[in-house]
$ cat structure29.pdb   # PDB, C-alpha atoms
MODEL        1
ATOM      1  CA  MET A  36       9.637  32.617   0.472  1.00  0.00           C
ATOM      2  CA  ASP A  37       6.529  31.234   2.214  1.00  0.00           C
ATOM      3  CA  SER A  38       6.423  27.762   3.759  1.00  0.00           C
ATOM      4  CA  SER A  39       3.960  26.420   1.166  1.00  0.00           C
ATOM      5  CA  SER A  40       6.721  26.502  -1.450  1.00  0.00           C
ATOM      6  CA  ASP A  41       8.523  23.795   0.541  1.00  0.00           C
ATOM      7  CA  PHE A  42       5.889  21.300  -0.601  1.00  0.00           C
ATOM      8  CA  ILE A  43       6.166  21.892  -4.344  1.00  0.00           C
ATOM      9  CA  MET A  44       7.620  18.886  -6.152  1.00  0.00           C
ATOM     10  CA  THR A  45      10.402  19.888  -8.484  1.00  0.00           C
ATOM     11  CA  SER A  46      10.430  16.604 -10.399  1.00  0.00           C
ATOM     12  CA  SER A  47       7.974  13.895 -11.337  1.00  0.00           C
ATOM     13  CA  PRO A  48       7.174  11.364  -8.630  1.00  0.00           C
ATOM     14  CA  LYS A  49       8.833   7.950  -8.854  1.00  0.00           C
ATOM     15  CA  ALA A  50       6.261   6.150  -6.715  1.00  0.00           C
ATOM     16  CA  ARG A  51       2.890   6.651  -5.087  1.00  0.00           C
ATOM     17  CA  ILE A  52       1.281   4.994  -2.116  1.00  0.00           C
ATOM     18  CA  LEU A  53      -2.286   5.442  -0.973  1.00  0.00           C
ATOM     19  CA  LEU A  54      -2.919   4.736   2.719  1.00  0.00           C
ATOM     20  CA  GLN A  55      -6.417   3.594   3.768  1.00  0.00           C
ATOM     21  CA  GLN A  56      -7.269   2.570   7.304  1.00  0.00           C
ATOM     22  CA  CYS A  57      -9.711  -0.332   7.570  1.00  0.00           C
ATOM     23  CA  LEU A  58     -11.761  -2.387   9.992  1.00  0.00           C
ATOM     24  CA  SER A  59     -11.305  -5.419   7.716  1.00  0.00           C
ATOM     25  CA  ALA A  60     -10.283  -6.093   4.127  1.00  0.00           C
ATOM     26  CA  ARG A  61     -10.356  -9.033   1.731  1.00  0.00           C
ATOM     27  CA  LEU A  62      -8.446  -9.361  -1.544  1.00  0.00           C
ATOM     28  CA  GLN A  63      -8.678 -12.075  -4.179  1.00  0.00           C
ATOM     29  CA  VAL A  64      -5.150 -13.174  -5.118  1.00  0.00           C
ATOM     30  CA  GLU A  65      -6.091 -16.048  -7.450  1.00  0.00           C
ATOM     31  CA  PRO A  66      -9.220 -16.049  -9.604  1.00  0.00           C
ATOM     32  CA  PRO A  67     -11.573 -19.024  -9.563  1.00  0.00           C
ATOM     33  CA  THR A  68     -11.228 -21.720 -12.208  1.00  0.00           C
ATOM     34  CA  ASP A  69     -13.435 -24.631 -13.271  1.00  0.00           C
ATOM     35  CA  GLN A  70     -11.453 -26.815 -10.844  1.00  0.00           C
ATOM     36  CA  LYS A  71     -11.239 -24.568  -7.765  1.00  0.00           C
ATOM     37  CA  GLU A  72     -12.619 -21.523  -6.017  1.00  0.00           C
ATOM     38  CA  GLY A  73     -10.787 -18.210  -5.913  1.00  0.00           C
ATOM     39  CA  VAL A  74      -8.094 -17.672  -3.281  1.00  0.00           C
ATOM     40  CA  PHE A  75      -8.349 -14.679  -0.924  1.00  0.00           C
ATOM     41  CA  VAL A  76      -6.199 -13.037   1.723  1.00  0.00           C
ATOM     42  CA  GLU A  77      -7.852 -11.183   4.595  1.00  0.00           C
ATOM     43  CA  ILE A  78      -6.874  -8.810   7.358  1.00  0.00           C
ATOM     44  CA  GLY A  79      -8.612  -7.410  10.414  1.00  0.00           C
ATOM     45  CA  ARG A  80      -8.302  -3.870  11.699  1.00  0.00           C
ATOM     46  CA  GLY A  81      -5.358  -2.219  10.064  1.00  0.00           C
ATOM     47  CA  LEU A  82      -4.027  -0.445   7.026  1.00  0.00           C
ATOM     48  CA  VAL A  83      -4.413  -1.009   3.295  1.00  0.00           C
ATOM     49  CA  LEU A  84      -1.448   0.191   1.222  1.00  0.00           C
ATOM     50  CA  TYR A  85      -2.073   0.715  -2.493  1.00  0.00           C
ATOM     51  CA  VAL A  86       1.339   0.831  -4.170  1.00  0.00           C
ATOM     52  CA  CYS A  87       2.393   2.109  -7.613  1.00  0.00           C
ATOM     53  CA  PHE A  88       5.912   2.477  -9.009  1.00  0.00           C
ATOM     54  CA  LEU A  89       6.536   4.953 -11.799  1.00  0.00           C
ATOM     55  CA  LYS A  90       9.367   5.335 -14.314  1.00  0.00           C
ATOM     56  CA  GLY A  91      12.636   6.147 -12.574  1.00  0.00           C
ATOM     57  CA  ALA A  92      11.729   4.311  -9.348  1.00  0.00           C
ATOM     58  CA  SER A  93      14.502   2.303  -7.725  1.00  0.00           C
ATOM     59  CA  SER A  94      15.160   0.313  -4.567  1.00  0.00           C
ATOM     60  CA  ASP A  95      16.122   3.553  -2.812  1.00  0.00           C
ATOM     61  CA  VAL A  96      12.485   4.613  -2.559  1.00  0.00           C
ATOM     62  CA  VAL A  97      11.154   1.308  -1.164  1.00  0.00           C
ATOM     63  CA  ASN A  98      12.530   1.597   2.381  1.00  0.00           C
ATOM     64  CA  LYS A  99      11.369   5.201   2.694  1.00  0.00           C
ATOM     65  CA  MET A 100       7.861   4.282   1.498  1.00  0.00           C
ATOM     66  CA  VAL A 101       7.538   1.412   3.984  1.00  0.00           C
ATOM     67  CA  LYS A 102       8.888   3.385   6.938  1.00  0.00           C
ATOM     68  CA  GLU A 103       6.611   6.347   6.307  1.00  0.00           C
ATOM     69  CA  ALA A 104       3.513   4.234   5.611  1.00  0.00           C
ATOM     70  CA  LEU A 105       3.892   2.134   8.752  1.00  0.00           C
ATOM     71  CA  ASN A 106       4.798   5.071  11.003  1.00  0.00           C
ATOM     72  CA  THR A 107       2.201   7.611   9.831  1.00  0.00           C
ATOM     73  CA  LYS A 108      -0.333   8.271  12.599  1.00  0.00           C
ATOM     74  CA  LEU A 109      -3.699   7.535  10.965  1.00  0.00           C
ATOM     75  CA  SER A 110      -5.307   5.031  13.328  1.00  0.00           C
ATOM     76  CA  THR A 111      -7.072   5.707  16.593  1.00  0.00           C
ATOM     77  CA  SER A 112      -5.954   3.840  19.706  1.00  0.00           C
ATOM     78  CA  ALA A 113      -8.296   2.628  22.458  1.00  0.00           C
ATOM     79  CA  ASP A 114      -7.735   5.908  24.333  1.00  0.00           C
ATOM     80  CA  GLY A 115      -8.675   7.976  21.273  1.00  0.00           C
ATOM     81  CA  LYS A 116      -5.185   9.168  20.334  1.00  0.00           C
ATOM     82  CA  LEU A 117      -3.806   8.994  16.806  1.00  0.00           C
ATOM     83  CA  CYS A 118      -1.192   6.291  16.359  1.00  0.00           C
ATOM     84  CA  SER A 119       0.655   4.445  13.625  1.00  0.00           C
ATOM     85  CA  ILE A 120      -0.239   0.933  12.535  1.00  0.00           C
ATOM     86  CA  LEU A 121       2.855  -0.287  14.417  1.00  0.00           C
ATOM     87  CA  GLU A 122       1.684   1.407  17.612  1.00  0.00           C
ATOM     88  CA  LEU A 123      -1.934   0.208  17.271  1.00  0.00           C
ATOM     89  CA  PRO A 124      -0.883  -2.585  16.330  1.00  0.00           C
ATOM     90  CA  GLY A 125      -2.815  -3.601  13.237  1.00  0.00           C
ATOM     91  CA  ASP A 126      -2.700  -5.792  10.164  1.00  0.00           C
ATOM     92  CA  VAL A 127      -1.415  -4.597   6.793  1.00  0.00           C
ATOM     93  CA  LEU A 128      -2.722  -5.434   3.312  1.00  0.00           C
ATOM     94  CA  ILE A 129      -0.581  -4.381   0.347  1.00  0.00           C
ATOM     95  CA  ILE A 130      -2.279  -4.011  -3.029  1.00  0.00           C
ATOM     96  CA  PRO A 131      -0.393  -3.339  -6.256  1.00  0.00           C
ATOM     97  CA  GLN A 132      -2.274  -0.448  -7.846  1.00  0.00           C
ATOM     98  CA  ALA A 133      -0.946   0.541 -11.273  1.00  0.00           C
ATOM     99  CA  THR A 134      -3.896   2.892 -11.765  1.00  0.00           C
ATOM    100  CA  LEU A 135      -2.283   5.323  -9.305  1.00  0.00           C
ATOM    101  CA  GLY A 136       0.116   6.082 -12.159  1.00  0.00           C
ATOM    102  CA  GLY A 137      -2.658   7.135 -14.491  1.00  0.00           C
ATOM    103  CA  CYS A 138      -2.918  10.509 -16.149  1.00  0.00           C
ATOM    104  CA  LEU A 139      -6.074  11.858 -17.745  1.00  0.00           C
ATOM    105  CA  LYS A 140      -5.702  12.727 -21.420  1.00  0.00           C
ATOM    106  CA  GLY A 141      -8.929  13.976 -22.884  1.00  0.00           C
ATOM    107  CA  LYS A 142     -11.525  11.540 -21.597  1.00  0.00           C
ATOM    108  CA  SER A 143      -9.192   8.551 -21.275  1.00  0.00           C
ATOM    109  CA  MET A 144      -6.648   7.453 -18.709  1.00  0.00           C
ATOM    110  CA  GLN A 145      -3.106   6.762 -19.864  1.00  0.00           C
ATOM    111  CA  TYR A 146      -0.394   4.920 -17.968  1.00  0.00           C
ATOM    112  CA  HIS A 147       2.761   5.928 -19.850  1.00  0.00           C
ATOM    113  CA  ARG A 148       4.463   7.014 -16.611  1.00  0.00           C
ATOM    114  CA  ASN A 149       4.233   3.556 -14.998  1.00  0.00           C
ATOM    115  CA  ILE A 150       7.393   1.518 -14.572  1.00  0.00           C
ATOM    116  CA  ALA A 151       8.025  -1.537 -16.791  1.00  0.00           C
ATOM    117  CA  LYS A 152       6.136  -4.561 -15.410  1.00  0.00           C
ATOM    118  CA  GLU A 153       9.294  -6.597 -14.634  1.00  0.00           C
ATOM    119  CA  ASP A 154      10.935  -3.700 -12.781  1.00  0.00           C
ATOM    120  CA  GLY A 155       7.724  -2.939 -10.910  1.00  0.00           C
ATOM    121  CA  LEU A 156       7.397  -6.568  -9.851  1.00  0.00           C
ATOM    122  CA  GLU A 157      10.913  -6.531  -8.387  1.00  0.00           C
ATOM    123  CA  LEU A 158      10.259  -3.327  -6.426  1.00  0.00           C
ATOM    124  CA  TYR A 159       6.901  -4.694  -5.266  1.00  0.00           C
ATOM    125  CA  LYS A 160       8.605  -7.841  -3.937  1.00  0.00           C
ATOM    126  CA  GLN A 161      11.133  -5.682  -2.077  1.00  0.00           C
ATOM    127  CA  PHE A 162       8.292  -3.554  -0.694  1.00  0.00           C
ATOM    128  CA  THR A 163       6.264  -6.526   0.600  1.00  0.00           C
ATOM    129  CA  THR A 164       9.357  -8.181   2.110  1.00  0.00           C
ATOM    130  CA  PHE A 165      10.519  -5.036   3.932  1.00  0.00           C
ATOM    131  CA  CYS A 166       6.986  -4.295   5.120  1.00  0.00           C
ATOM    132  CA  GLU A 167       6.571  -7.807   6.527  1.00  0.00           C
ATOM    133  CA  GLU A 168      10.003  -7.696   8.198  1.00  0.00           C
ATOM    134  CA  THR A 169       9.216  -4.317   9.763  1.00  0.00           C
ATOM    135  CA  VAL A 170       5.832  -5.391  11.136  1.00  0.00           C
ATOM    136  CA  GLN A 171       7.113  -8.744  12.404  1.00  0.00           C
ATOM    137  CA  SER A 172      10.095  -7.148  14.171  1.00  0.00           C
ATOM    138  CA  ASN A 173       7.784  -4.728  16.016  1.00  0.00           C
ATOM    139  CA  GLU A 174       7.204  -5.859  19.629  1.00  0.00           C
ATOM    140  CA  LYS A 175       3.500  -4.942  19.670  1.00  0.00           C
ATOM    141  CA  SER A 176       2.919  -6.856  16.429  1.00  0.00           C
ATOM    142  CA  LYS A 177       4.724  -9.920  17.811  1.00  0.00           C
ATOM    143  CA  GLU A 178       2.582  -9.877  20.949  1.00  0.00           C
ATOM    144  CA  SER A 179      -0.712  -9.499  19.078  1.00  0.00           C
ATOM    145  CA  GLY A 180       0.022 -11.815  16.135  1.00  0.00           C
ATOM    146  CA  ARG A 181      -0.579  -9.098  13.543  1.00  0.00           C
ATOM    147  CA  VAL A 182      -0.046 -10.025   9.902  1.00  0.00           C
ATOM    148  CA  VAL A 183       1.022  -8.582   6.577  1.00  0.00           C
ATOM    149  CA  LYS A 184      -0.737  -9.880   3.463  1.00  0.00           C
ATOM    150  CA  TRP A 185      -0.371  -8.791  -0.138  1.00  0.00           C
ATOM    151  CA  GLY A 186      -1.926  -9.074  -3.545  1.00  0.00           C
ATOM    152  CA  THR A 187      -0.614 -10.493  -6.796  1.00  0.00           C
ATOM    153  CA  TYR A 188       1.348  -8.025  -8.903  1.00  0.00           C
ATOM    154  CA  GLY A 189      -0.005  -7.537 -12.431  1.00  0.00           C
ATOM    155  CA  ASN A 190      -3.394  -9.230 -11.890  1.00  0.00           C
ATOM    156  CA  VAL A 191      -6.887  -7.812 -11.683  1.00  0.00           C
ATOM    157  CA  GLN A 192      -8.091  -8.600  -8.165  1.00  0.00           C
ATOM    158  CA  VAL A 193     -11.452  -8.501  -6.406  1.00  0.00           C
ATOM    159  CA  PHE A 194     -11.277  -6.305  -3.305  1.00  0.00           C
ATOM    160  CA  ARG A 195     -13.561  -5.556  -0.357  1.00  0.00           C
ATOM    161  CA  CYS A 196     -12.835  -3.134   2.460  1.00  0.00           C
ATOM    162  CA  ASP A 197     -14.814  -2.097   5.515  1.00  0.00           C
ATOM    163  CA  THR A 198     -13.708   1.210   6.946  1.00  0.00           C
ATOM    164  CA  ASN A 199     -14.810   3.593   9.666  1.00  0.00           C
ATOM    165  CA  GLY A 200     -14.267   6.586   7.419  1.00  0.00           C
ATOM    166  CA  PRO A 201     -12.912   7.192   3.957  1.00  0.00           C
ATOM    167  CA  TYR A 202      -9.576   8.376   5.321  1.00  0.00           C
ATOM    168  CA  SER A 203      -7.347   7.960   2.276  1.00  0.00           C
ATOM    169  CA  HIS A 204      -3.966   9.659   2.092  1.00  0.00           C
ATOM    170  CA  LEU A 205      -1.779   9.834  -1.012  1.00  0.00           C
ATOM    171  CA  LEU A 206       2.004  10.040  -0.603  1.00  0.00           C
ATOM    172  CA  GLU A 207       4.399  10.644  -3.499  1.00  0.00           C
ATOM    173  CA  TYR A 208       8.119   9.910  -3.626  1.00  0.00           C
TER     174      TYR A 208
ENDMDL
END
$ encode --input "structure29.pdb" --output "structure tokens"
Amino acid sequence: MDSSSDFIMTSSPKARILLQQCLSARLQVEPPTDQKEGVFVEIGRGLVLYVCFLKGASSDVVNKMVKEALNTKLSTSADGKLCSILELPGDVLIIPQATLGGCLKGKSMQYHRNIAKEDGLELYKQFTTFCEETVQSNEKSKESGRVVKWGTYGNVQVFRCDTNGPYSHLLEY
């Protein structure tokens, strides 16, 4: 058996996360109204995590997703070596991204594999909490004042990202 067979998924994924390094990012978390302007969260150099939970996802997958996302070596340090966002250190922006659960049927996208909204919201809250705890407990992040910000689950949000390369990486769980 060749080594490529080790990477074949035997069951449907329960979650997806897309990792995107950035120089800066800005996400609208509350839309504007007649009474007030929209509310945004922003990060500097760091990592954008687009998160989607699919049917069958549970709390078990959350810790693994956070650990792998924050420890994957995608960023470049001052000396040119690849490092994780925790080693950099950098900011983190988490965006709920239900469209990662889409499946093309004919010419239309369908989202039948996505988790129920209430269950997805609970897993998203666990994800953001564990991610923030992990970053804040990291010594380099403490020293540099790095932050974790996140979007609003279930809302359409305006997003802007400046990046030094379209380095996007999809992980499935």
$ closest_atom_pairs --input "structure29.pdb" --of "region 50-88 of chain A" --to "region 154-157 of chain A" --cutoff "12 Å" --atoms "all atoms listed in the file" --output "JSON lines"
{"residue": "A:Ala50", "atom": "CA", "partner": "A:Gly155", "partner_atom": "CA", "distance": 10.1}
{"residue": "A:Val86", "atom": "CA", "partner": "A:Gly155", "partner_atom": "CA", "distance": 10.0}
{"residue": "A:Cys87", "atom": "CA", "partner": "A:Gly155", "partner_atom": "CA", "distance": 8.0}
{"residue": "A:Phe88", "atom": "CA", "partner": "A:Gly155", "partner_atom": "CA", "distance": 6.0}
$ closest_residue --input "structure29.pdb" --among "A:Phe162, A:Phe75, A:Trp185, A:Phe194" --to "Ile129 (chain A)" --atoms "all atoms listed in the file"
A:Trp185
$ residues_around --input "structure29.pdb" --residues "Val101 (chain A)" --least-positions-apart "5" --cutoff "12 Å" --atoms "all atoms listed in the file" --output "count of residues only"
31
$ closest_residue --input "structure29.pdb" --among "A:Val193, A:Leu205, A:Lys49, A:Gly125" --to "Val74 (chain A)" --atoms "all atoms listed in the file"
A:Val193
$ closest_residue --input "structure29.pdb" --among "A:Cys57, A:Val183, A:Ala151, A:Val191" --to "Leu89 (chain A)" --atoms "all atoms listed in the file"
A:Ala151
$ closest_residue --input "structure29.pdb" --among "A:Cys196, A:Ser179, A:Ile150, A:Leu109" --to "Ser93 (chain A)" --atoms "all atoms listed in the file"
A:Ile150
$ atom_distance --input "structure29.pdb" --atom1 "CA of Asn199 (chain A)" --atom2 "CA of Ala104 (chain A)"
18.8 Å
$ resolve_selection --input "structure29.pdb" --expression "the PyMOL selection byres ((chain A and resi 62-68) around 6)" --output "list in words"
Arg61, Asp69, Gln70, Lys71, Glu72, Gly73, Val74, Phe75, Val76, Gly186, Thr187, Gln192, Val193 and Phe194 of chain A
$ atom_distance --input "structure29.pdb" --atom1 "CA of Ala92 (chain A)" --atom2 "CA of Ser143 (chain A)"
24.5 Å
$ residues_around --input "structure29.pdb" --residues "Ser59 (chain A)" --least-positions-apart "5" --cutoff "9 Å" --atoms "all atoms listed in the file" --output "VMD selection string"
chain A and resid 77 to 82 126 195 to 198
$ closest_residue --input "structure29.pdb" --among "A:Gly189, A:Glu174, A:Ser119, A:Ser203" --to "Ala133 (chain A)" --atoms "all atoms listed in the file"
A:Gly189
$ atom_distance --input "structure29.pdb" --atom1 "CA of Lys116 (chain A)" --atom2 "CA of Asn98 (chain A)"
26.3 Å
$ closest_residue --input "structure29.pdb" --among "A:Tyr188, A:Gln55, A:Gly141, A:Arg181" --to "Glu122 (chain A)" --atoms "only C-alpha atoms"
A:Arg181
$ build_atoms --input "structure29.pdb" --residues "region 117-141 of chain A" --atoms "N, CA and C atoms" --output "mmCIF file, in the frame of the given file"
data_model
loop_
_atom_site.group_PDB
_atom_site.id
_atom_site.type_symbol
_atom_site.label_atom_id
_atom_site.label_comp_id
_atom_site.auth_asym_id
_atom_site.auth_seq_id
_atom_site.Cartn_x
_atom_site.Cartn_y
_atom_site.Cartn_z
ATOM 1 N N LEU A 117 -4.301 9.458 18.096
ATOM 2 C CA LEU A 117 -3.806 8.994 16.806
ATOM 3 C C LEU A 117 -2.515 8.219 17.004
ATOM 4 N N CYS A 118 -2.401 7.102 16.266
ATOM 5 C CA CYS A 118 -1.192 6.291 16.359
ATOM 6 C C CYS A 118 -0.918 5.636 15.007
ATOM 7 N N SER A 119 0.281 5.147 14.852
ATOM 8 C CA SER A 119 0.655 4.445 13.625
ATOM 9 C C SER A 119 0.151 3.010 13.691
ATOM 10 N N ILE A 120 0.192 2.331 12.585
ATOM 11 C CA ILE A 120 -0.239 0.933 12.535
ATOM 12 C C ILE A 120 0.675 0.063 13.400
ATOM 13 N N LEU A 121 1.928 0.454 13.557
ATOM 14 C CA LEU A 121 2.855 -0.287 14.417
ATOM 15 C C LEU A 121 2.533 -0.074 15.888
ATOM 16 N N GLU A 122 2.048 1.109 16.229
ATOM 17 C CA GLU A 122 1.684 1.407 17.612
ATOM 18 C C GLU A 122 0.322 0.819 17.978
ATOM 19 N N LEU A 123 -0.571 0.648 16.992
ATOM 20 C CA LEU A 123 -1.934 0.208 17.271
ATOM 21 C C LEU A 123 -1.955 -1.114 18.010
ATOM 22 N N PRO A 124 -1.375 -2.168 17.648
ATOM 23 C CA PRO A 124 -0.883 -2.585 16.330
ATOM 24 C C PRO A 124 -2.035 -3.080 15.456
ATOM 25 N N GLY A 125 -1.784 -3.142 14.161
ATOM 26 C CA GLY A 125 -2.815 -3.601 13.237
ATOM 27 C C GLY A 125 -2.227 -4.403 12.103
ATOM 28 N N ASP A 126 -3.106 -5.023 11.337
ATOM 29 C CA ASP A 126 -2.700 -5.792 10.164
ATOM 30 C C ASP A 126 -2.411 -4.852 9.005
ATOM 31 N N VAL A 127 -1.742 -5.377 7.989
ATOM 32 C CA VAL A 127 -1.415 -4.597 6.793
ATOM 33 C C VAL A 127 -1.757 -5.428 5.562
ATOM 34 N N LEU A 128 -2.442 -4.815 4.603
ATOM 35 C CA LEU A 128 -2.722 -5.434 3.312
ATOM 36 C C LEU A 128 -2.129 -4.543 2.235
ATOM 37 N N ILE A 129 -1.254 -5.124 1.412
ATOM 38 C CA ILE A 129 -0.581 -4.381 0.347
ATOM 39 C C ILE A 129 -1.205 -4.782 -0.988
ATOM 40 N N ILE A 130 -1.634 -3.768 -1.742
ATOM 41 C CA ILE A 130 -2.279 -4.011 -3.029
ATOM 42 C C ILE A 130 -1.518 -3.289 -4.123
ATOM 43 N N PRO A 131 -1.020 -4.024 -5.125
ATOM 44 C CA PRO A 131 -0.393 -3.339 -6.256
ATOM 45 C C PRO A 131 -1.479 -2.584 -7.019
ATOM 46 N N GLN A 132 -1.230 -1.297 -7.280
ATOM 47 C CA GLN A 132 -2.274 -0.448 -7.846
ATOM 48 C C GLN A 132 -1.705 0.418 -8.965
ATOM 49 N N ALA A 133 -1.520 -0.171 -10.137
ATOM 50 C CA ALA A 133 -0.946 0.541 -11.273
ATOM 51 C C ALA A 133 -1.762 1.760 -11.674
ATOM 52 N N THR A 134 -3.056 1.762 -11.361
ATOM 53 C CA THR A 134 -3.896 2.892 -11.765
ATOM 54 C C THR A 134 -3.515 4.185 -11.049
ATOM 55 N N LEU A 135 -2.755 4.100 -9.957
ATOM 56 C CA LEU A 135 -2.283 5.323 -9.305
ATOM 57 C C LEU A 135 -1.290 6.085 -10.189
ATOM 58 N N GLY A 136 -0.797 5.432 -11.230
ATOM 59 C CA GLY A 136 0.116 6.082 -12.159
ATOM 60 C C GLY A 136 -0.588 6.690 -13.358
ATOM 61 N N GLY A 137 -1.896 6.646 -13.352
ATOM 62 C CA GLY A 137 -2.658 7.135 -14.491
ATOM 63 C C GLY A 137 -2.671 8.652 -14.608
ATOM 64 N N CYS A 138 -2.851 9.089 -15.842
ATOM 65 C CA CYS A 138 -2.918 10.509 -16.149
ATOM 66 C C CYS A 138 -4.057 10.697 -17.166
ATOM 67 N N LEU A 139 -4.946 11.621 -16.863
ATOM 68 C CA LEU A 139 -6.074 11.858 -17.745
ATOM 69 C C LEU A 139 -5.631 12.612 -18.986
ATOM 70 N N LYS A 140 -5.970 12.058 -20.147
ATOM 71 C CA LYS A 140 -5.702 12.727 -21.420
ATOM 72 C C LYS A 140 -7.014 12.726 -22.195
ATOM 73 N N GLY A 141 -7.593 13.897 -22.294
ATOM 74 C CA GLY A 141 -8.929 13.976 -22.884
ATOM 75 C C GLY A 141 -9.911 13.320 -21.944
#
